[in-house]
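Peer 1: Structure below; questions to follow.
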Amino acid sequence: MYRSHTCGELNRSHINTEVTLAGWVQKSRDKGFMNWVDLRDRYGITQLIFDESRTEKSVFEAAKTLGREFVIQVKGTVIEREAKNKNIPTGDIEILVSELTILNAAQLPPFTIEDETDGGEDIRMKYRYLDIRRNPVKNSLIFRHKVSMEVRNYLSNHGFCEIETPYLIKSTPEGARDFVVPSRMNEGQFYALPQSPQTFKQLLMVGGMDKYFQIVKCFRDEDLRADRQPEFTQIDCEMAFVEQEDILNVFEGLTRHLLKEIKGVEVEKFPRITYDYAMKTYGNDKPDIRFDMKFGELNAVAQHKDFPVFNAAELVVGIAVPGCASYSRKEIDALIDWIKRPQIGATGMVYVKYELDGSLKSSVDKFYDEADLKKWAEITNAKPGDLILILSGKADKTRTQLSALRMEVATRLCLRKPDEFAPLWVVDFPLLEWDEDSQRYHAMHHPFTSPKPEDMKLIETEPGKVRANAYDMVLNGNEIGGGSIRIHDRDLQSRMFSLLGFTPEQAENQFGFLMNAFQFGAPPHGGLAFGLDRLVAILGGQETIRDFIAFPKNNSGRDVMIDAPSFIDEAQLNELHIKLDIK
């Protein structure tokens, strides 16, 4: 064997034991007559000692040639360490080396393999295999494994079967752009990589596999950001003979299980709020409820005065920031500058200081007296010592801007604590949303989402008012999962395709296989998909997902390590009957 023990398991109980270790040289300290080497593997670090008076000369001299990241094997005796290191599990012992084998010499790495490295993100992405040796990345990948195993254990114990679905499928027009794959054997035709296994899991329900899941790769050709990758992983689930309540209960249970087993946190309450309430109260459909700062709409008490900015606005809305009435003008101006950035797009901000003595002072004292400001404080639930921040303008745009400001202020005040977890459900989404550019409705979730039964009567007359039988799970201001009760009736599915602008021919061409399946006894069914990458990152206390993915892409969708995507050989293009027209 290359090793009898790992570099993280030896302790005082092993003293005087002969051992064999293998790993990478973390660093060495050559004192002339004595040489210490830190040997690292996935499990930890063990200190090796080469002593001129106790180590064979050839071994002692070979130790002096070791550089960072050399791969070596050593044999020796576990001895008590004189200068103990309480920061590592092996800090009480060291290995007096008797044999040294250099398994592979290494070039000096382009950045230090340390927890706090000197390597920037670009260089670490290029040499990702070296970055994985660092504890932060290594531990994130191990953490992801633990989460995945707990998911599998929970779902398997609740009667779910893990079933794989195809990666080479048919391109369909809903959702984001597809990644397409040319077929050599079928000239001029293409597969698509799945954006999700949506239609296949519905077909599994038709097939009688009433509880399905898989941890599956999905692909979407869309613009990227910190929490988005072109290929990502879902915990994809579907159940037959269920209603919405059944699904919410099962996946509340899964989330509780993960929080308890992975983080040691007990969460009993999963609030449920409607989409309309979320938008009106928080300005977005994935609110962070670890802190308060709910929106207060001020139109009734702020308009019809002499302040033209508010009078001309569709919406005047504010939040109370706790304990910030003491903010200086410089600090408030910094917030105003922040919301004026192009990414936010606000034109200004009104503020009110609710002083500890109960007095109120604002940036619009010229137009409003203290009695007016007191009403603002009541509506925003402000307390003495708080700072009220107010935006105005078009309703949707203003809510989005204030939502961004709410999150920014909470971040600055350290209210978004990564070790606190506040899950909730958002329900009753609109079934459809109107797109001005195409002048037609689009499915807010996807075309297979069922309408609320009580809203069915509105489908033909007022489709924009129909609510979806859909739900999202939100955790700490992030959507971690979403799903719906599906349409299982062929006629209703045909009506939905018609609402979305599909001709009968288009619907048949794209989804005929699913419609045909519905004719053979499709059960009522529904499901949910968690975003595993995002879920793991939040459980790990992070906002971004890259360090929880072994080989991520950059913001341009490139794998800079292997230099992909790349051009392919002319012979391959000819086999695929593809001619490039690059200008």
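The chains in the structure tokens are called A, B, ... from first to last as shown; in each chain the residues are counted from 1, and the ligands are counted from 1 in the order shown.
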Please extract the residues of region 333-536 of chain A with a backbone DSSP assignment of strand (DSSP E) and present them as an MDAnalysis selection string.
Peer 2: chainID A and resid 350:354 360:362 387:393 423:427 432:435 440:443 470:475 478:485 525:531
Peer 1: May I have the selected residues written with N, CA and C atoms, as a short mmCIF file (atom, residue, chain, number, x, y, z; two decimals), in the first residue's frame?
Peer 2:
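Here's the written file again_32.cif:
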```cif
data_model
loop_
_atom_site.label_atom_id
_atom_site.label_comp_id
_atom_site.auth_asym_id
_atom_site.auth_seq_id
_atom_site.Cartn_x
_atom_site.Cartn_y
_atom_site.Cartn_z
N VAL A 350 -35.80 60.20 -0.55
CA VAL A 350 -36.20 61.05 0.58
C VAL A 350 -35.94 60.26 1.86
N TYR A 351 -35.50 60.97 2.91
CA TYR A 351 -35.27 60.27 4.17
C TYR A 351 -35.89 61.04 5.32
N VAL A 352 -36.20 60.29 6.38
CA VAL A 352 -36.73 60.87 7.62
C VAL A 352 -35.97 60.25 8.78
N LYS A 353 -35.44 61.11 9.66
CA LYS A 353 -34.78 60.65 10.88
C LYS A 353 -35.79 60.70 12.02
N TYR A 354 -36.06 59.53 12.60
CA TYR A 354 -36.96 59.45 13.76
C TYR A 354 -36.06 59.41 14.99
N LEU A 360 -39.05 64.17 14.57
CA LEU A 360 -38.81 63.68 13.22
C LEU A 360 -38.28 64.80 12.35
N LYS A 361 -37.20 64.50 11.63
CA LYS A 361 -36.58 65.48 10.74
C LYS A 361 -36.39 64.81 9.38
N SER A 362 -36.71 65.55 8.32
CA SER A 362 -36.64 64.93 6.99
C SER A 362 -35.95 65.85 6.00
N LEU A 387 -34.32 55.11 10.80
CA LEU A 387 -34.20 55.97 9.63
C LEU A 387 -35.16 55.48 8.56
N ILE A 388 -36.05 56.35 8.10
CA ILE A 388 -37.02 55.97 7.06
C ILE A 388 -36.47 56.41 5.71
N LEU A 389 -36.42 55.45 4.76
CA LEU A 389 -35.94 55.71 3.41
C LEU A 389 -37.12 55.55 2.45
N ILE A 390 -37.32 56.54 1.57
CA ILE A 390 -38.52 56.58 0.73
C ILE A 390 -38.14 56.78 -0.73
N LEU A 391 -38.73 55.95 -1.61
CA LEU A 391 -38.57 56.08 -3.05
C LEU A 391 -39.95 56.28 -3.68
N SER A 392 -39.96 56.81 -4.88
CA SER A 392 -41.23 57.03 -5.58
C SER A 392 -41.02 56.92 -7.08
N GLY A 393 -42.13 56.67 -7.80
CA GLY A 393 -42.07 56.56 -9.26
C GLY A 393 -43.07 55.54 -9.74
N PRO A 423 -36.64 29.97 6.09
CA PRO A 423 -37.33 29.50 4.88
C PRO A 423 -38.78 29.98 4.85
N LEU A 424 -39.34 30.03 3.66
CA LEU A 424 -40.76 30.31 3.49
C LEU A 424 -41.22 29.81 2.13
N TRP A 425 -42.53 29.68 1.99
CA TRP A 425 -43.14 29.35 0.71
C TRP A 425 -43.78 30.61 0.12
N VAL A 426 -43.62 30.81 -1.17
CA VAL A 426 -44.37 31.81 -1.91
C VAL A 426 -45.33 31.05 -2.83
N VAL A 427 -46.62 31.37 -2.74
CA VAL A 427 -47.64 30.63 -3.48
C VAL A 427 -48.50 31.60 -4.29
N LEU A 432 -49.78 33.41 -16.02
CA LEU A 432 -49.25 33.98 -17.26
C LEU A 432 -48.71 35.38 -17.00
N GLU A 433 -47.78 35.81 -17.83
CA GLU A 433 -47.33 37.20 -17.80
C GLU A 433 -47.29 37.72 -19.24
N TRP A 434 -47.70 38.97 -19.41
CA TRP A 434 -47.81 39.58 -20.73
C TRP A 434 -46.47 40.14 -21.16
N ASP A 435 -46.07 39.83 -22.38
CA ASP A 435 -44.81 40.34 -22.93
C ASP A 435 -45.13 41.39 -23.99
N ARG A 440 -47.85 38.89 -26.54
CA ARG A 440 -48.56 37.66 -26.20
C ARG A 440 -48.19 37.24 -24.78
N TYR A 441 -48.95 36.29 -24.26
CA TYR A 441 -48.68 35.78 -22.92
C TYR A 441 -47.54 34.76 -22.95
N HIS A 442 -46.78 34.74 -21.87
CA HIS A 442 -45.78 33.70 -21.63
C HIS A 442 -46.11 33.02 -20.31
N ALA A 443 -45.76 31.75 -20.20
CA ALA A 443 -45.97 31.04 -18.94
C ALA A 443 -44.99 31.57 -17.91
N ALA A 470 -48.92 26.89 -8.27
CA ALA A 470 -47.45 26.82 -8.23
C ALA A 470 -46.93 27.38 -6.92
N TYR A 471 -45.67 27.07 -6.63
CA TYR A 471 -45.09 27.42 -5.33
C TYR A 471 -43.57 27.46 -5.47
N ASP A 472 -42.95 28.37 -4.75
CA ASP A 472 -41.49 28.46 -4.66
C ASP A 472 -41.09 28.36 -3.20
N MET A 473 -40.00 27.65 -2.93
CA MET A 473 -39.41 27.71 -1.61
C MET A 473 -38.26 28.71 -1.63
N VAL A 474 -38.28 29.61 -0.66
CA VAL A 474 -37.27 30.66 -0.55
C VAL A 474 -36.50 30.46 0.75
N LEU A 475 -35.19 30.61 0.68
CA LEU A 475 -34.34 30.49 1.87
C LEU A 475 -33.35 31.63 1.88
N ASN A 478 -33.15 33.75 -1.29
CA ASN A 478 -32.82 33.03 -2.53
C ASN A 478 -33.90 32.01 -2.82
N GLU A 479 -34.33 31.95 -4.07
CA GLU A 479 -35.23 30.88 -4.48
C GLU A 479 -34.41 29.61 -4.59
N ILE A 480 -34.69 28.64 -3.73
CA ILE A 480 -33.93 27.39 -3.77
C ILE A 480 -34.70 26.26 -4.44
N GLY A 481 -36.01 26.46 -4.63
CA GLY A 481 -36.79 25.42 -5.26
C GLY A 481 -38.12 25.96 -5.75
N GLY A 482 -38.65 25.32 -6.76
CA GLY A 482 -39.95 25.74 -7.28
C GLY A 482 -40.63 24.59 -7.98
N GLY A 483 -41.94 24.65 -8.03
CA GLY A 483 -42.67 23.60 -8.71
C GLY A 483 -44.13 23.95 -8.83
N SER A 484 -44.93 22.96 -9.22
CA SER A 484 -46.34 23.20 -9.43
C SER A 484 -47.08 21.88 -9.51
N ILE A 485 -48.40 21.98 -9.39
CA ILE A 485 -49.28 20.89 -9.82
C ILE A 485 -49.38 21.00 -11.33
N HIS A 525 -50.79 14.93 -10.89
CA HIS A 525 -49.41 14.87 -10.41
C HIS A 525 -48.82 16.27 -10.30
N GLY A 526 -47.74 16.34 -9.59
CA GLY A 526 -47.03 17.61 -9.41
C GLY A 526 -45.67 17.36 -8.81
N GLY A 527 -44.86 18.39 -8.77
CA GLY A 527 -43.52 18.18 -8.25
C GLY A 527 -42.82 19.47 -7.91
N LEU A 528 -41.54 19.33 -7.72
CA LEU A 528 -40.70 20.44 -7.31
C LEU A 528 -39.26 20.11 -7.67
N ALA A 529 -38.49 21.14 -8.01
CA ALA A 529 -37.06 20.97 -8.25
C ALA A 529 -36.30 21.97 -7.40
N PHE A 530 -35.36 21.47 -6.60
CA PHE A 530 -34.44 22.33 -5.87
C PHE A 530 -33.20 22.59 -6.74
N GLY A 531 -32.67 23.79 -6.66
CA GLY A 531 -31.36 24.06 -7.24
C GLY A 531 -30.29 23.61 -6.27
#
```
Peer 1: Pick out the residues sitting within 12 Å of Phe291 (chain A), and hand them over as a list in words; count only C-alpha atoms, and ignore anything fewer than 6 positions along from it in its own chain.
Peer 2: Tyr282, Ile319, Ala320, Val321, Pro322, Arg406, Met407, Val409, Ala410, Thr411, Leu413, Cys414, Leu415, Arg416, Lys417, Glu420, Phe421, Ala422, Asn476 and Gly477 of chain A
Peer 1: From a DSSP calculation on the backbone, collect every residue of region 75-227 of chain A in alpha helix (DSSP H) and output the set as a ChimeraX atom specification.
Peer 2: /A:121-126,128-131,135-157,198-206
Peer 1: Would you kindly return, as a list in words, each protein, DNA or RNA residue with an atom no farther than 10 Å from any atom of Phe111 (chain A), considering only C-alpha atoms and excluding same-chain residues fewer than 4 positions away?
Peer 2: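 The neighbour list is Thr117, Asp118, Gly119, Gly120, Ile123, Arg124, Tyr127, Leu130 and Asp131 of chain A.
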Peer 1: Restricting it to N, CA, C and O atoms, dump the selection as a tab-separated table (two decimals), in the first residue's frame.
Peer 2:
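The resulting out09.tsv:
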```tsv
chain	number	residue	atom	x	y	z
A	117	THR	N	-4.87	32.29	-0.08
A	117	THR	CA	-3.91	32.17	-1.17
A	117	THR	C	-3.60	33.52	-1.79
A	117	THR	O	-4.35	34.49	-1.61
A	118	ASP	N	-2.50	33.59	-2.53
A	118	ASP	CA	-2.15	34.81	-3.25
A	118	ASP	C	-2.64	34.76	-4.70
A	118	ASP	O	-2.35	35.65	-5.49
A	119	GLY	N	-3.42	33.74	-5.04
A	119	GLY	CA	-3.91	33.60	-6.41
A	119	GLY	C	-5.24	34.29	-6.63
A	119	GLY	O	-6.17	34.13	-5.84
A	120	GLY	N	-5.33	35.09	-7.70
A	120	GLY	CA	-6.60	35.70	-8.07
A	120	GLY	C	-7.54	34.67	-8.67
A	120	GLY	O	-7.14	33.55	-9.00
A	123	ILE	N	-6.60	33.05	-12.23
A	123	ILE	CA	-5.50	32.07	-12.25
A	123	ILE	C	-5.92	30.80	-11.53
A	123	ILE	O	-5.58	29.68	-11.93
A	124	ARG	N	-6.75	30.94	-10.50
A	124	ARG	CA	-7.21	29.75	-9.79
A	124	ARG	C	-8.20	28.95	-10.64
A	124	ARG	O	-8.25	27.73	-10.56
A	127	TYR	N	-6.14	26.92	-13.12
A	127	TYR	CA	-5.50	25.76	-12.48
A	127	TYR	C	-6.43	25.21	-11.39
A	127	TYR	O	-6.03	25.05	-10.25
A	130	LEU	N	-5.44	22.54	-8.95
A	130	LEU	CA	-4.62	22.96	-7.82
A	130	LEU	C	-5.47	23.65	-6.76
A	130	LEU	O	-5.26	23.47	-5.55
A	131	ASP	N	-6.44	24.44	-7.20
A	131	ASP	CA	-7.32	25.15	-6.26
A	131	ASP	C	-8.09	24.16	-5.39
A	131	ASP	O	-8.37	24.44	-4.22
```
Peer 1: Counting only C-alpha atoms, which of A:Glu331, A:Asp396, A:Asp365, A:Asp292 gets nearest to Ala382 (chain A)?
Peer 2: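 Smallest distance to Ala382 (chain A) is found for A:Asp292.
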Peer 1: Separation of CA of Gln214 (chain A) and CA of Phe513 (chain A), in Å?
Peer 2: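 So the two atoms, CA of Gln214 (chain A) and CA of Phe513 (chain A), lie 21.9 Å apart.
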Peer 1: Would you list the contacts of Met149 (chain A) as JSON, numbers by chain, taking every protein, DNA or RNA residue within 12 Å and counting only C-alpha atoms, but skipping same-chain residues closer than 5 positions in sequence?
Peer 2: {"A": [142, 143, 144, 154, 155, 156, 214, 215, 235, 257, 258, 261, 262, 532, 536]}
Peer 1: Once you have the residues from the selection above, write them out as a PDB file, in the first residue's frame, restricted to N, CA and C atoms.
Peer 2:
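Result went into again-v2.pdb, see below:
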```pdb
ATOM      1  N   ILE A 142     -16.702  18.517  -0.363  1.00  0.00           N
ATOM      2  CA  ILE A 142     -17.090  17.472   0.581  1.00  0.00           C
ATOM      3  C   ILE A 142     -18.448  17.807   1.204  1.00  0.00           C
ATOM      4  N   PHE A 143     -18.655  19.091   1.490  1.00  0.00           N
ATOM      5  CA  PHE A 143     -19.929  19.550   2.049  1.00  0.00           C
ATOM      6  C   PHE A 143     -21.068  19.257   1.060  1.00  0.00           C
ATOM      7  N   ARG A 144     -20.831  19.523  -0.216  1.00  0.00           N
ATOM      8  CA  ARG A 144     -21.841  19.232  -1.244  1.00  0.00           C
ATOM      9  C   ARG A 144     -22.184  17.742  -1.250  1.00  0.00           C
ATOM     10  N   TYR A 154     -33.103  10.855   2.585  1.00  0.00           N
ATOM     11  CA  TYR A 154     -34.449  11.299   2.949  1.00  0.00           C
ATOM     12  C   TYR A 154     -35.472  10.837   1.917  1.00  0.00           C
ATOM     13  N   LEU A 155     -35.200  11.116   0.644  1.00  0.00           N
ATOM     14  CA  LEU A 155     -36.170  10.776  -0.392  1.00  0.00           C
ATOM     15  C   LEU A 155     -36.341   9.269  -0.533  1.00  0.00           C
ATOM     16  N   SER A 156     -35.249   8.522  -0.441  1.00  0.00           N
ATOM     17  CA  SER A 156     -35.355   7.059  -0.527  1.00  0.00           C
ATOM     18  C   SER A 156     -36.183   6.510   0.632  1.00  0.00           C
ATOM     19  N   GLN A 214     -34.310  12.561  -9.092  1.00  0.00           N
ATOM     20  CA  GLN A 214     -32.918  12.374  -9.501  1.00  0.00           C
ATOM     21  C   GLN A 214     -32.150  13.660  -9.228  1.00  0.00           C
ATOM     22  N   ILE A 215     -30.882  13.498  -8.956  1.00  0.00           N
ATOM     23  CA  ILE A 215     -29.969  14.640  -8.858  1.00  0.00           C
ATOM     24  C   ILE A 215     -29.315  14.736 -10.221  1.00  0.00           C
ATOM     25  N   ILE A 235     -32.188  18.963  -7.823  1.00  0.00           N
ATOM     26  CA  ILE A 235     -32.825  17.831  -7.156  1.00  0.00           C
ATOM     27  C   ILE A 235     -34.242  17.816  -7.714  1.00  0.00           C
ATOM     28  N   HIS A 257     -34.951  18.376   7.411  1.00  0.00           N
ATOM     29  CA  HIS A 257     -33.966  17.301   7.570  1.00  0.00           C
ATOM     30  C   HIS A 257     -32.562  17.806   7.254  1.00  0.00           C
ATOM     31  N   LEU A 258     -32.424  18.538   6.154  1.00  0.00           N
ATOM     32  CA  LEU A 258     -31.101  19.045   5.770  1.00  0.00           C
ATOM     33  C   LEU A 258     -30.575  20.041   6.796  1.00  0.00           C
ATOM     34  N   GLU A 261     -29.605  17.928   9.976  1.00  0.00           N
ATOM     35  CA  GLU A 261     -28.492  16.986   9.835  1.00  0.00           C
ATOM     36  C   GLU A 261     -27.196  17.675   9.408  1.00  0.00           C
ATOM     37  N   ILE A 262     -27.310  18.695   8.568  1.00  0.00           N
ATOM     38  CA  ILE A 262     -26.111  19.352   8.042  1.00  0.00           C
ATOM     39  C   ILE A 262     -25.663  20.510   8.930  1.00  0.00           C
ATOM     40  N   LEU A 532     -29.640  22.493  -6.552  1.00  0.00           N
ATOM     41  CA  LEU A 532     -28.687  21.927  -5.593  1.00  0.00           C
ATOM     42  C   LEU A 532     -27.503  22.860  -5.363  1.00  0.00           C
ATOM     43  N   VAL A 536     -26.782  24.236  -1.621  1.00  0.00           N
ATOM     44  CA  VAL A 536     -25.548  23.880  -0.920  1.00  0.00           C
ATOM     45  C   VAL A 536     -24.785  25.143  -0.518  1.00  0.00           C
TER      46      VAL A 536
END
```
Peer 1: Given only C-alpha atoms as the basis, pick out the residue of A:Asp369, A:Ile15, A:Val97, A:Val37 nearest to Glu52 (chain A).
Peer 2: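 For Glu52 (chain A), the nearest of the given residues is A:Val97.
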Peer 1: Env of Pro523 (chain A): 8 Å cut, atoms = only C-alpha atoms, seq-sep filter 2 positions within chain, self excluded. Answer as a list of chain:residue names.
Peer 2: A:Met205, A:Val206, A:Ala240, A:Phe241, A:His488, A:Gly521, A:His525
Peer 1: With only C-alpha atoms as the atoms that count, which of A:Ile79, A:Ala302, A:Ile273, A:Leu203 lies nearest to Ile289 (chain A)?
Peer 2: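 Looking only at the distances to Ile289 (chain A), the closest residue turns out to be A:Ile273.
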Peer 1: Provide the CA of Asp455 (chain A) to CA of Asn469 (chain A) distance in Å, to one decimal place.
Peer 2: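 Taking CA of Asp455 (chain A) as the start and CA of Asn469 (chain A) as the end point, the length is 9.9 Å.
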Peer 1: Which residues come within 12 Å of Ala334 (chain A), counting only C-alpha atoms, excluding same-chain residues fewer than 3 positions away, as a count of residues only?
Peer 2: 16
Peer 1: Can you tell me, as a VMD selection string, what residues are no more than 12 Å from Gly512 (chain A) when counting only C-alpha atoms, ignoring any on the same chain fewer than 5 positions away?
Peer 2: chain A and resid 170 172 199 490 493 to 494 497 504 to 507 517 to 519
